[in-house]
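**Student:** Next comes final-v5.pdb, PDB, C-alpha atoms, pLDDT in the B column:
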```
ATOM      1  CA  MET A  86     -99.812  42.553  72.404  1.00 82.00           C
ATOM      2  CA  LYS A  87     -97.502  43.690  69.624  1.00 88.00           C
ATOM      3  CA  ILE A  88     -93.778  44.210  70.218  1.00 91.00           C
ATOM      4  CA  GLU A  89     -91.802  46.751  68.185  1.00 92.00           C
ATOM      5  CA  TYR A  90     -88.030  47.184  68.095  1.00 93.00           C
ATOM      6  CA  SER A  91     -86.101  50.326  67.190  1.00 93.00           C
ATOM      7  CA  GLU A  92     -83.500  50.035  64.448  1.00 94.00           C
ATOM      8  CA  ASP A  93     -80.710  50.881  66.919  1.00 94.00           C
ATOM      9  CA  LEU A  94     -81.835  48.039  69.187  1.00 92.00           C
ATOM     10  CA  ARG A  95     -81.912  45.597  66.273  1.00 93.00           C
ATOM     11  CA  LYS A  96     -78.281  46.450  65.482  1.00 93.00           C
ATOM     12  CA  TYR A  97     -77.336  46.156  69.169  1.00 91.00           C
ATOM     13  CA  PHE A  98     -78.931  42.695  69.379  1.00 92.00           C
ATOM     14  CA  ASP A  99     -76.990  41.561  66.308  1.00 92.00           C
ATOM     15  CA  LYS A 100     -73.731  42.944  67.726  1.00 92.00           C
ATOM     16  CA  LYS A 101     -74.242  41.159  71.062  1.00 90.00           C
ATOM     17  CA  GLY A 102     -75.539  37.939  69.517  1.00 89.00           C
ATOM     18  CA  CYS A 103     -78.534  37.881  71.876  1.00 88.00           C
ATOM     19  CA  HIS A 104     -82.137  38.605  70.929  1.00 89.00           C
ATOM     20  CA  ASP A 105     -84.055  37.676  74.100  1.00 90.00           C
ATOM     21  CA  VAL A 106     -84.764  40.128  76.919  1.00 91.00           C
ATOM     22  CA  VAL A 107     -86.098  39.935  80.468  1.00 89.00           C
ATOM     23  CA  LEU A 108     -88.155  42.793  81.902  1.00 88.00           C
ATOM     24  CA  ARG A 109     -88.476  42.988  85.666  1.00 87.00           C
ATOM     25  CA  THR A 110     -88.877  45.594  88.357  1.00 85.00           C
ATOM     26  CA  ILE A 111     -86.789  46.402  91.381  1.00 81.00           C
ATOM     27  CA  SER A 112     -87.992  48.352  94.378  1.00 77.00           C
ATOM     28  CA  PRO A 113     -85.409  50.509  96.116  1.00 73.00           C
ATOM     29  CA  VAL A 114     -85.377  50.218  99.912  1.00 73.00           C
ATOM     30  CA  GLY A 115     -84.293  52.803 102.433  1.00 68.00           C
ATOM     31  CA  CYS A 116     -84.551  56.516 102.976  1.00 67.00           C
ATOM     32  CA  CYS A 117     -83.869  57.319  99.318  1.00 67.00           C
ATOM     33  CA  GLY A 118     -86.127  54.600  97.909  1.00 63.00           C
ATOM     34  CA  GLY A 119     -88.666  55.819  95.419  1.00 68.00           C
ATOM     35  CA  ALA A 120     -90.949  54.210  92.894  1.00 72.00           C
ATOM     36  CA  PRO A 121     -90.065  50.798  91.435  1.00 76.00           C
ATOM     37  CA  GLU A 122     -87.672  50.868  88.491  1.00 80.00           C
ATOM     38  CA  LEU A 123     -87.902  48.842  85.297  1.00 84.00           C
ATOM     39  CA  VAL A 124     -84.814  46.708  84.595  1.00 85.00           C
ATOM     40  CA  ILE A 125     -84.278  45.193  81.160  1.00 87.00           C
ATOM     41  CA  ASP A 126     -81.538  42.623  80.588  1.00 86.00           C
ATOM     42  CA  LEU A 127     -80.339  40.753  77.524  1.00 86.00           C
ATOM     43  CA  ILE A 128     -80.160  37.028  78.168  1.00 85.00           C
ATOM     44  CA  LYS A 129     -78.505  34.181  76.327  1.00 83.00           C
ATOM     45  CA  PRO A 130     -80.717  31.472  74.804  1.00 79.00           C
ATOM     46  CA  SER A 131     -79.475  29.010  77.440  1.00 77.00           C
ATOM     47  CA  ALA A 132     -80.966  31.193  80.208  1.00 81.00           C
ATOM     48  CA  VAL A 133     -84.412  31.583  78.607  1.00 79.00           C
ATOM     49  CA  ALA A 134     -85.799  28.336  80.064  1.00 76.00           C
ATOM     50  CA  ASP A 135     -84.720  29.311  83.593  1.00 75.00           C
ATOM     51  CA  SER A 136     -86.430  32.702  83.308  1.00 72.00           C
ATOM     52  CA  GLU A 137     -89.618  31.115  81.986  1.00 69.00           C
ATOM     53  CA  LYS A 138     -89.698  28.760  84.983  1.00 71.00           C
ATOM     54  CA  SER A 139     -89.210  31.622  87.446  1.00 75.00           C
ATOM     55  CA  GLY A 140     -92.798  32.889  87.316  1.00 76.00           C
ATOM     56  CA  PHE A 141     -92.352  35.104  84.291  1.00 86.00           C
ATOM     57  CA  LYS A 142     -94.598  35.234  81.223  1.00 87.00           C
ATOM     58  CA  THR A 143     -93.142  34.922  77.734  1.00 87.00           C
ATOM     59  CA  PHE A 144     -94.089  36.708  74.528  1.00 88.00           C
ATOM     60  CA  GLU A 145     -92.671  35.950  71.113  1.00 89.00           C
ATOM     61  CA  GLY A 146     -91.309  39.060  69.486  1.00 88.00           C
ATOM     62  CA  GLU A 147     -90.147  39.469  65.929  1.00 89.00           C
ATOM     63  CA  LEU A 148     -86.492  39.130  66.984  1.00 90.00           C
ATOM     64  CA  GLY A 149     -86.712  36.918  70.053  1.00 89.00           C
ATOM     65  CA  LYS A 150     -88.495  36.259  73.313  1.00 89.00           C
ATOM     66  CA  VAL A 151     -89.624  39.028  75.638  1.00 90.00           C
ATOM     67  CA  ILE A 152     -89.909  37.614  79.147  1.00 89.00           C
ATOM     68  CA  MET A 153     -91.726  39.731  81.755  1.00 90.00           C
ATOM     69  CA  GLU A 154     -92.675  39.592  85.399  1.00 88.00           C
ATOM     70  CA  TYR A 155     -96.371  38.930  85.924  1.00 86.00           C
ATOM     71  CA  THR A 156     -96.736  42.384  87.481  1.00 86.00           C
ATOM     72  CA  LEU A 157     -95.888  44.051  84.151  1.00 88.00           C
ATOM     73  CA  VAL A 158     -98.819  44.353  81.765  1.00 85.00           C
ATOM     74  CA  PRO A 159     -99.534  46.277  78.552  1.00 86.00           C
ATOM     75  CA  GLU A 160    -101.203  49.654  79.036  1.00 87.00           C
ATOM     76  CA  ASP A 161    -104.315  48.285  77.305  1.00 83.00           C
ATOM     77  CA  GLU A 162    -105.422  45.128  75.484  1.00 79.00           C
ATOM     78  CA  ASN A 163    -104.283  46.313  72.051  1.00 83.00           C
ATOM     79  CA  ALA A 164    -101.121  48.028  73.247  1.00 83.00           C
ATOM     80  CA  THR A 165     -97.863  48.024  71.372  1.00 88.00           C
ATOM     81  CA  VAL A 166     -94.799  47.595  73.546  1.00 90.00           C
ATOM     82  CA  SER A 167     -91.878  49.481  72.040  1.00 92.00           C
ATOM     83  CA  LEU A 168     -88.325  48.466  72.876  1.00 92.00           C
ATOM     84  CA  GLY A 169     -85.582  50.954  72.102  1.00 92.00           C
ATOM     85  CA  LEU A 170     -81.966  51.771  72.856  1.00 91.00           C
ATOM     86  CA  LYS A 171     -80.460  54.829  74.524  1.00 91.00           C
ATOM     87  CA  ARG A 172     -76.756  55.518  74.792  1.00 89.00           C
ATOM     88  CA  PHE A 173     -75.061  57.724  77.350  1.00 88.00           C
ATOM     89  CA  MET A 174     -71.303  58.068  77.775  1.00 88.00           C
ATOM     90  CA  GLY A 175     -70.664  54.744  76.049  1.00 84.00           C
ATOM     91  CA  LEU A 176     -73.278  52.798  78.029  1.00 87.00           C
ATOM     92  CA  ALA A 177     -76.262  51.179  76.318  1.00 88.00           C
ATOM     93  CA  ASP A 178     -79.668  51.167  78.001  1.00 88.00           C
ATOM     94  CA  ILE A 179     -82.655  49.235  76.630  1.00 90.00           C
ATOM     95  CA  THR A 180     -85.920  51.147  77.058  1.00 89.00           C
ATOM     96  CA  ALA A 181     -89.565  50.050  77.017  1.00 90.00           C
ATOM     97  CA  THR A 182     -92.783  51.978  76.554  1.00 89.00           C
ATOM     98  CA  GLY A 183     -96.380  50.767  76.550  1.00 90.00           C
ATOM     99  CA  LEU A 184     -96.188  48.897  79.860  1.00 90.00           C
ATOM    100  CA  ARG A 185     -97.529  49.526  83.346  1.00 86.00           C
ATOM    101  CA  GLN A 186     -97.086  47.752  86.644  1.00 85.00           C
ATOM    102  CA  LEU A 187    -100.000  46.215  88.502  1.00 83.00           C
ATOM    103  CA  ALA A 188    -100.486  47.667  91.947  1.00 68.00           C
TER     104      ALA A 188
END
```
Mind turning the file's structure into structure tokens?
**Tutor:**
Amino acid sequence: MKIEYSEDLRKYFDKKGCHDVVLRTISPVGCCGGAPELVIDLIKPSAVADSEKSGFKTFEGELGKVIMEYTLVPEDENATVSLGLKRFMGLADITATGLRQLA
């Protein structure tokens, strides 16, 4: 699996001083609950070991570690996972494409 980073995300990582990310899913519960949502968080190097011990798999990216739940897998064997950055009203949101969730 290859991991690509957008230029905006590279700059954001440098600004924040963190280069490792955790990808996980959350499943809404209740009457308005829909499909699971992908959550991507920046983590400090000191928290990487804890995430790796928590049943997550780790991939080495060009800029840092990408730590994912075991239920997240690349779309195919030779997939490229692309991490990007979206901004809306001053908020930054890390995005990912090229992944799917196991049923």
**Student:** Residues of range 121-174 of chain A that have any atom at most 8 Å from an atom of range 93-105 of chain A: could you tabulate them with the shortest-distance atom pair and the distance in Å to one decimal, using all atoms listed in the file, ordered by chain and increasing number, as CSV?
**Tutor:**
```
residue,atom,partner,partner_atom,distance
A:Leu127,CA,A:Asp105,CA,5.9
A:Ile128,CA,A:Asp105,CA,5.7
A:Lys129,CA,A:Cys103,CA,5.8
A:Pro130,CA,A:Asp105,CA,7.1
A:Val133,CA,A:Asp105,CA,7.6
A:Leu148,CA,A:His104,CA,5.9
A:Gly149,CA,A:Asp105,CA,4.9
A:Lys150,CA,A:Asp105,CA,4.7
A:Val151,CA,A:Asp105,CA,5.9
A:Ile152,CA,A:Asp105,CA,7.7
A:Leu168,CA,A:Leu94,CA,7.5
A:Gly169,CA,A:Leu94,CA,5.6
A:Leu170,CA,A:Leu94,CA,5.2
```
**Student:** Expand the PyMOL selection byres ((chain A and resi 165) around 7) into the individual residues it matches in the shown file, reporting them as JSON, numbers by chain.
**Tutor:** {"A": [86, 87, 88, 89, 163, 164, 166, 167, 183]}
**Student:** Please measure the separation of CA of Val158 in chain A and CA of Asp178 in chain A, giving the value in Å to one decimal.
**Tutor:**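 Computing it gives 20.7 Å between the two atoms.
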**Student:** Convert the output of the PyMOL selection byres ((chain A and resi 112) around 6) on the shown file into explicit residues, formatted as a ChimeraX atom specification.
**Tutor:** /A:111,113,121
**Student:** Between CA of Ile125 in chain A and CA of Gly146 in chain A, measure the distance and give it in Å to one decimal.
**Tutor:**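 If I compute the distance from CA of Ile125 in chain A to CA of Gly146 in chain A, I get 14.9 Å.
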**Student:** How big is the axis-aligned box around the listed atoms of range 137-143 of chain A once 4 Å is added on each side, and where is its centre? Give both in Å to one decimal, as lines of an AutoDock Vina configuration file.
**Tutor:**
```
center_x = -91.9
center_y = 32.0
center_z = 82.6
size_x = 13.4
size_y = 14.5
size_z = 17.7
```
**Student:** Kindly give the distance, in Å, that separates CA of Ala177 in chain A and CA of Ala120 in chain A, rounded to a single decimal.
**Tutor:** 22.4 Å
**Student:** A:Thr110, A:Gln186, A:Ser131, A:Ser91: which is nearest Asp161 in chain A, counting all atoms listed in the file?
**Tutor:**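 Among the listed residues, the smallest separation from Asp161 in chain A belongs to A:Gln186.
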**Student:** Select, from A:Met174, A:Leu123, A:Met153, A:Leu184, the residue with the minimum atom-to-atom distance to Val106 in chain A, counting only C-alpha atoms.
**Tutor:** A:Met153
**Student:** Measuring atom to atom with all atoms listed in the file, identify which of A:Ala181, A:Leu187, A:Asp126, A:Val114 is nearest to Leu157 in chain A.
**Tutor:**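 Residue with the minimum atom-to-atom distance to Leu157 in chain A: A:Leu187.
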**Student:** Find, counting all atoms listed in the file, the residue in A:Glu160, A:Tyr90, A:Val107, A:Glu122 that gets nearest to Gly140 in chain A.
**Tutor:**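 Once distances to Gly140 in chain A are computed over all atoms listed in the file, the minimum belongs to A:Val107.
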